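Raw contents of data-v9.tsv, TSV, C-alpha atoms:
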chain	number	residue	atom	x	y	z
A	964	MET	CA	23.65	-131.59	8.68
A	965	THR	CA	25.35	-128.68	6.98
A	966	THR	CA	24.13	-126.75	3.98
A	967	LEU	CA	25.74	-125.11	0.98
A	968	HIS	CA	23.93	-121.87	0.13
A	969	LEU	CA	24.10	-120.70	-3.50
A	970	ILE	CA	23.45	-117.07	-4.35
A	971	ASN	CA	23.15	-115.94	-7.96
A	972	LYS	CA	21.78	-112.41	-7.66
A	973	THR	CA	23.51	-109.09	-6.95
A	974	PRO	CA	22.88	-107.49	-3.54
A	975	SER	CA	20.49	-104.94	-5.10
A	976	GLU	CA	18.81	-107.26	-7.59
A	977	SER	CA	16.84	-109.25	-5.01
A	978	THR	CA	16.69	-109.96	-1.30
A	979	ALA	CA	18.41	-113.33	-1.88
A	980	LEU	CA	21.67	-112.31	-0.23
A	981	GLY	CA	20.07	-110.79	2.87
A	982	ASP	CA	17.59	-113.65	3.24
A	983	SER	CA	20.28	-116.31	2.98
A	984	LEU	CA	22.65	-114.55	5.38
A	985	ALA	CA	19.86	-114.34	7.92
A	986	THR	CA	19.23	-118.08	7.80
A	987	LEU	CA	22.74	-119.55	7.82
A	988	SER	CA	23.66	-122.10	10.49
A	989	GLU	CA	27.06	-122.78	12.05
A	990	GLY	CA	29.19	-124.86	9.71
A	991	ASP	CA	27.26	-123.90	6.56
A	992	ALA	CA	28.95	-122.51	3.48
A	993	LEU	CA	28.09	-119.70	1.11
A	994	LEU	CA	28.93	-119.84	-2.60
A	995	LEU	CA	28.46	-116.84	-4.88
A	996	ILE	CA	27.76	-117.72	-8.52
A	997	GLU	CA	26.69	-115.80	-11.65
A	998	ASN	CA	25.64	-112.23	-10.70
A	999	GLY	CA	26.01	-113.26	-7.06
A	1000	VAL	CA	29.79	-112.75	-7.35
A	1001	TYR	CA	29.27	-108.97	-7.26
A	1002	ALA	CA	28.52	-109.33	-3.54
A	1003	ALA	CA	32.24	-109.97	-3.05
A	1004	MET	CA	33.11	-106.43	-4.21
A	1005	PRO	CA	34.78	-104.57	-1.32
A	1006	ALA	CA	31.87	-102.09	-1.21
A	1007	TYR	CA	29.59	-104.89	0.02
A	1008	ALA	CA	31.99	-106.29	2.65
A	1009	GLU	CA	29.82	-105.02	5.48
A	1010	HIS	CA	27.16	-107.64	4.68
A	1011	PHE	CA	29.54	-110.38	5.79
A	1012	THR	CA	31.26	-108.92	8.84
A	1013	ARG	CA	28.83	-110.46	11.33
A	1014	LEU	CA	28.96	-113.99	9.90
A	1015	PRO	CA	30.08	-116.69	12.35
A	1016	ARG	CA	33.69	-117.82	11.86
A	1017	THR	CA	32.51	-121.34	11.02
A	1018	ILE	CA	30.85	-120.16	7.80
A	1019	GLN	CA	33.08	-120.72	4.77
A	1020	CYS	CA	32.65	-118.24	1.92
A	1021	TYR	CA	33.40	-119.10	-1.70
A	1022	LEU	CA	32.91	-117.59	-5.12
A	1023	LEU	CA	33.01	-119.13	-8.57
A	1024	ASN	CA	36.14	-117.69	-10.15
A	1025	ASN	CA	35.00	-117.93	-13.79
A	1026	ASP	CA	31.93	-115.84	-12.99
A	1027	ALA	CA	34.11	-113.18	-11.33
A	1028	LEU	CA	36.65	-113.06	-14.17
A	1029	ALA	CA	33.88	-112.97	-16.79
A	1030	ARG	CA	32.61	-109.77	-15.17
A	1031	GLY	CA	36.00	-108.10	-14.94
A	1032	LEU	CA	36.11	-108.39	-11.15
A	1033	ASN	CA	39.39	-108.45	-9.27
A	1034	ASP	CA	40.60	-107.27	-5.85
A	1035	LEU	CA	37.57	-108.91	-4.27
A	1036	ASN	CA	36.75	-109.44	-0.59
A	1037	PRO	CA	39.61	-111.63	0.75
A	1038	ASP	CA	37.17	-113.57	2.96
A	1039	PHE	CA	35.97	-115.34	-0.20
A	1040	ALA	CA	37.95	-118.26	-1.60
A	1041	ALA	CA	37.84	-118.44	-5.41
A	1042	ILE	CA	36.95	-121.90	-6.69
A	1043	ASP	CA	36.62	-123.49	-10.14
A	1044	TYR	CA	33.87	-125.73	-11.52
A	1045	ASP	CA	35.49	-128.86	-10.04
A	1046	GLY	CA	35.47	-127.11	-6.68
A	1047	PHE	CA	31.76	-126.36	-7.15
A	1048	VAL	CA	31.09	-130.07	-7.63
A	1049	GLU	CA	33.25	-130.95	-4.66
A	1050	LEU	CA	31.39	-128.49	-2.39
A	1051	SER	CA	28.02	-129.76	-3.59
A	1052	CYS	CA	29.04	-133.26	-2.47
A	1053	ARG	CA	30.66	-132.17	0.81
A	1054	TYR	CA	27.54	-130.53	2.25
A	1055	SER	CA	24.45	-132.61	2.91
A	1056	LYS	CA	22.10	-130.11	1.27
A	1057	VAL	CA	22.30	-127.39	-1.37
A	1058	VAL	CA	19.93	-124.43	-1.13
A	1059	SER	CA	19.65	-121.98	-4.04
A	1060	TRP	CA	18.68	-118.38	-3.34
A	1061	PHE	CA	17.57	-116.33	-6.33
B	16	MET	CA	11.98	-92.27	-44.78
B	17	SER	CA	10.53	-89.29	-42.99
B	18	ASP	CA	12.93	-86.63	-41.78
B	19	THR	CA	11.19	-86.43	-38.42
B	20	LYS	CA	13.63	-86.90	-35.56
B	21	LYS	CA	12.62	-88.20	-32.17
B	22	SER	CA	15.00	-88.34	-29.24
B	23	PHE	CA	15.44	-91.64	-27.43
B	24	LEU	CA	16.84	-92.52	-24.04
B	25	ILE	CA	17.69	-96.09	-23.11
B	26	ILE	CA	17.82	-96.69	-19.37
B	27	ASN	CA	19.97	-99.66	-18.37
B	28	ARG	CA	19.44	-101.01	-14.86
B	29	LYS	CA	20.65	-104.62	-14.99
B	30	ALA	CA	24.03	-106.24	-14.49
B	31	PRO	CA	25.65	-107.86	-17.55
B	32	TYR	CA	25.30	-111.62	-18.28
B	33	GLY	CA	22.81	-112.61	-15.54
B	34	SER	CA	19.97	-111.89	-17.94
B	35	SER	CA	19.65	-110.81	-21.57
B	36	ALA	CA	18.68	-107.24	-20.57
B	37	ALA	CA	22.08	-105.65	-21.20
B	38	ARG	CA	22.44	-107.27	-24.61
B	39	ASP	CA	18.83	-106.45	-25.55
B	40	ALA	CA	19.44	-102.79	-24.68
B	41	LEU	CA	22.54	-102.77	-26.87
B	42	ASP	CA	20.63	-104.31	-29.80
B	43	VAL	CA	17.93	-101.67	-29.49
B	44	ALA	CA	20.55	-98.91	-29.25
B	45	LEU	CA	22.18	-100.06	-32.49
B	46	THR	CA	18.78	-100.30	-34.19
B	47	ILE	CA	17.88	-96.75	-33.16
B	48	SER	CA	21.23	-95.49	-34.43
B	49	VAL	CA	20.61	-97.14	-37.82
B	50	PHE	CA	17.55	-94.89	-38.14
B	51	GLU	CA	19.76	-91.92	-37.21
B	52	GLN	CA	17.64	-90.82	-34.29
B	53	PRO	CA	19.23	-88.85	-31.43
B	54	LEU	CA	20.05	-91.43	-28.76
B	55	SER	CA	21.31	-91.30	-25.18
B	56	LEU	CA	22.25	-94.23	-22.95
B	57	LEU	CA	21.94	-94.07	-19.18
B	58	PHE	CA	23.46	-96.62	-16.81
B	59	MET	CA	22.03	-96.77	-13.32
B	60	ASP	CA	21.57	-99.31	-10.50
B	61	ASP	CA	23.33	-102.64	-11.30
B	62	ALA	CA	23.90	-101.60	-14.93
B	63	VAL	CA	26.95	-99.59	-13.82
B	64	LEU	CA	28.57	-103.02	-13.43
B	65	GLN	CA	28.44	-103.31	-17.23
B	66	LEU	CA	31.00	-100.52	-17.36
B	67	LEU	CA	33.77	-102.38	-15.52
B	68	PRO	CA	36.61	-103.13	-17.96
B	69	ASP	CA	38.35	-106.41	-18.81
B	70	HIS	CA	35.44	-108.84	-18.98
B	71	GLN	CA	36.51	-112.39	-19.85
B	72	ALA	CA	33.02	-113.51	-20.82
B	73	THR	CA	34.17	-116.51	-22.86
B	74	LEU	CA	34.89	-118.20	-19.51
B	75	ILE	CA	31.12	-118.48	-19.03
B	76	GLY	CA	30.35	-119.11	-22.69
B	77	GLN	CA	29.11	-115.60	-23.46
B	78	LYS	CA	30.14	-112.75	-25.74
B	79	ASN	CA	32.12	-109.89	-24.25
B	80	LEU	CA	29.66	-107.09	-23.54
B	81	SER	CA	32.26	-104.50	-22.56
B	82	ALA	CA	33.94	-104.88	-25.96
B	83	ASN	CA	30.62	-104.00	-27.61
B	84	LEU	CA	30.06	-101.02	-25.34
B	85	SER	CA	33.46	-99.63	-26.29
B	86	MET	CA	32.40	-99.77	-29.96
B	87	LEU	CA	29.33	-97.58	-29.43
B	88	GLU	CA	31.23	-94.43	-30.30
B	89	MET	CA	31.93	-95.90	-33.75
B	90	TYR	CA	28.18	-95.94	-34.31
B	91	ASP	CA	27.93	-92.29	-33.23
B	92	ILE	CA	26.35	-93.30	-29.94
B	93	ASP	CA	28.33	-90.98	-27.72
B	94	GLN	CA	25.72	-89.58	-25.33
B	95	LEU	CA	26.56	-91.89	-22.43
B	96	TYR	CA	25.51	-91.13	-18.87
B	97	VAL	CA	26.05	-92.90	-15.56
B	98	CYS	CA	24.37	-92.50	-12.19
B	99	GLN	CA	26.94	-91.17	-9.74
B	100	GLN	CA	25.24	-92.68	-6.70
B	101	ALA	CA	25.10	-96.15	-8.26
B	102	LEU	CA	28.86	-95.99	-8.84
B	103	SER	CA	29.74	-94.91	-5.33
B	104	LEU	CA	27.39	-97.49	-3.74
B	105	ARG	CA	29.44	-100.17	-5.48
B	106	GLY	CA	32.83	-98.61	-4.78
B	107	ILE	CA	33.48	-97.97	-8.47
B	108	ARG	CA	35.58	-94.88	-9.21
B	109	PRO	CA	34.85	-92.91	-12.39
B	110	ASP	CA	38.50	-93.56	-13.34
B	111	ASP	CA	37.75	-97.30	-13.39
B	112	ILE	CA	35.53	-96.72	-16.45
B	113	THR	CA	37.34	-96.55	-19.76
B	114	LEU	CA	34.33	-95.23	-21.72
B	115	ASN	CA	33.86	-91.53	-22.24
B	116	ILE	CA	30.84	-91.07	-19.98
B	117	THR	CA	29.11	-88.24	-18.12
B	118	LEU	CA	28.31	-88.53	-14.39
B	119	LEU	CA	24.81	-87.50	-13.34
B	120	ASP	CA	23.10	-87.11	-9.97
B	121	SER	CA	19.37	-87.81	-9.52
B	122	GLN	CA	18.48	-84.29	-10.57
B	123	GLY	CA	20.57	-84.61	-13.72
B	124	ILE	CA	18.85	-87.91	-14.50
B	125	ALA	CA	15.45	-86.28	-14.02
B	126	SER	CA	16.22	-83.54	-16.52
B	127	LEU	CA	17.75	-86.05	-18.97
B	128	ILE	CA	14.48	-88.03	-18.92
B	129	LYS	CA	12.45	-84.85	-19.24
B	130	GLN	CA	14.25	-83.86	-22.46
B	131	GLN	CA	13.38	-87.10	-24.31
B	132	ASP	CA	10.58	-87.97	-26.70
B	133	HIS	CA	10.87	-91.68	-25.87
B	134	VAL	CA	12.37	-93.58	-22.94
B	135	LEU	CA	13.03	-97.33	-23.04
B	136	SER	CA	13.88	-99.31	-19.90
B	137	PHE	CA	16.01	-102.43	-19.67
Any chance you could give the structure as structure tokens?
Amino acid sequence: MTTLHLINKTPSESTALGDSLATLSEGDALLLIENGVYAAMPAYAEHFTRLPRTIQCYLLNNDALARGLNDLNPDFAAIDYDGFVELSCRYSKVVSWF
Amino acid sequence: MSDTKKSFLIINRKAPYGSSAARDALDVALTISVFEQPLSLLFMDDAVLQLLPDHQATLIGQKNLSANLSMLEMYDIDQLYVCQQALSLRGIRPDDITLNITLLDSQGIASLIKQQDHVLSF
């Protein structure tokens, strides 16, 4: 049973990012949406260095482009809305952190 | 209208788009400028993210906030300040910002607040 974790807050806006990272299981995935995409700025890379290799990291590309973000953390795969739907179906649960 | 002038400072602390805070602050700034009151804008915490250029906000069905910020000077709102520490925490270089803006440390922010008649937080 794997879980897709959605984060929609910036690292300083709430404890959502830290709380979710602390509760990930092997094989889970992390998807940054809305203001959550700021966590993929290189300055925040340290948050993700201790994640197990089996955790896939994604970000919603439209939310990143809307905010003028580029040159983001290469550990995050940019996905579109269809990819969001696909991920939601692939994992058995979706947990939103906000 | 009375000739009395009061100085205003708007403190922005929220990222763009995730909430209406950034847009609300801008609306209030324009309103204050209509009444020709001395106005300063300070960006700290996540609000420094508003200053990144090249937003493509239509991709998420919103209006481009950075375009509006760049028009502030046209409304004689040119006292713009940004928290230095908030920039460096997020790896944003002052050169990344296309607005004409003054960097302040905490002490500078303290004296900016001290100088004002009114301070509004968003």
- prompt: Once you count all atoms listed in the file, which residues of chain A turn out to be within 7 Å of chain B? Could you give them as a PyMOL selection string?
  reply: chain A and resi 997-998+1006+1025-1026+1028-1031
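As for atom CA of A:Leu1050 and atom CA of A:Thr973, they are spaced 21.4 Å apart.
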message: What's around stretch 1018-1023 of chain A at 8 Å? Count all atoms listed in the file, leave out sequence neighbours fewer than 4 positions away in its own chain, and write the answer as a VMD selection string.
response: chain A and resid 988 to 997 1000 1003 1014 1027 1038 to 1044 1047
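The interatomic distance for the pair atom CA of B:Asp132 and atom CA of B:Phe23 works out to 6.1 Å.
Taking atom CA of A:Phe1061 and atom CA of A:Ser977 as the two end points, the separation is 7.2 Å.
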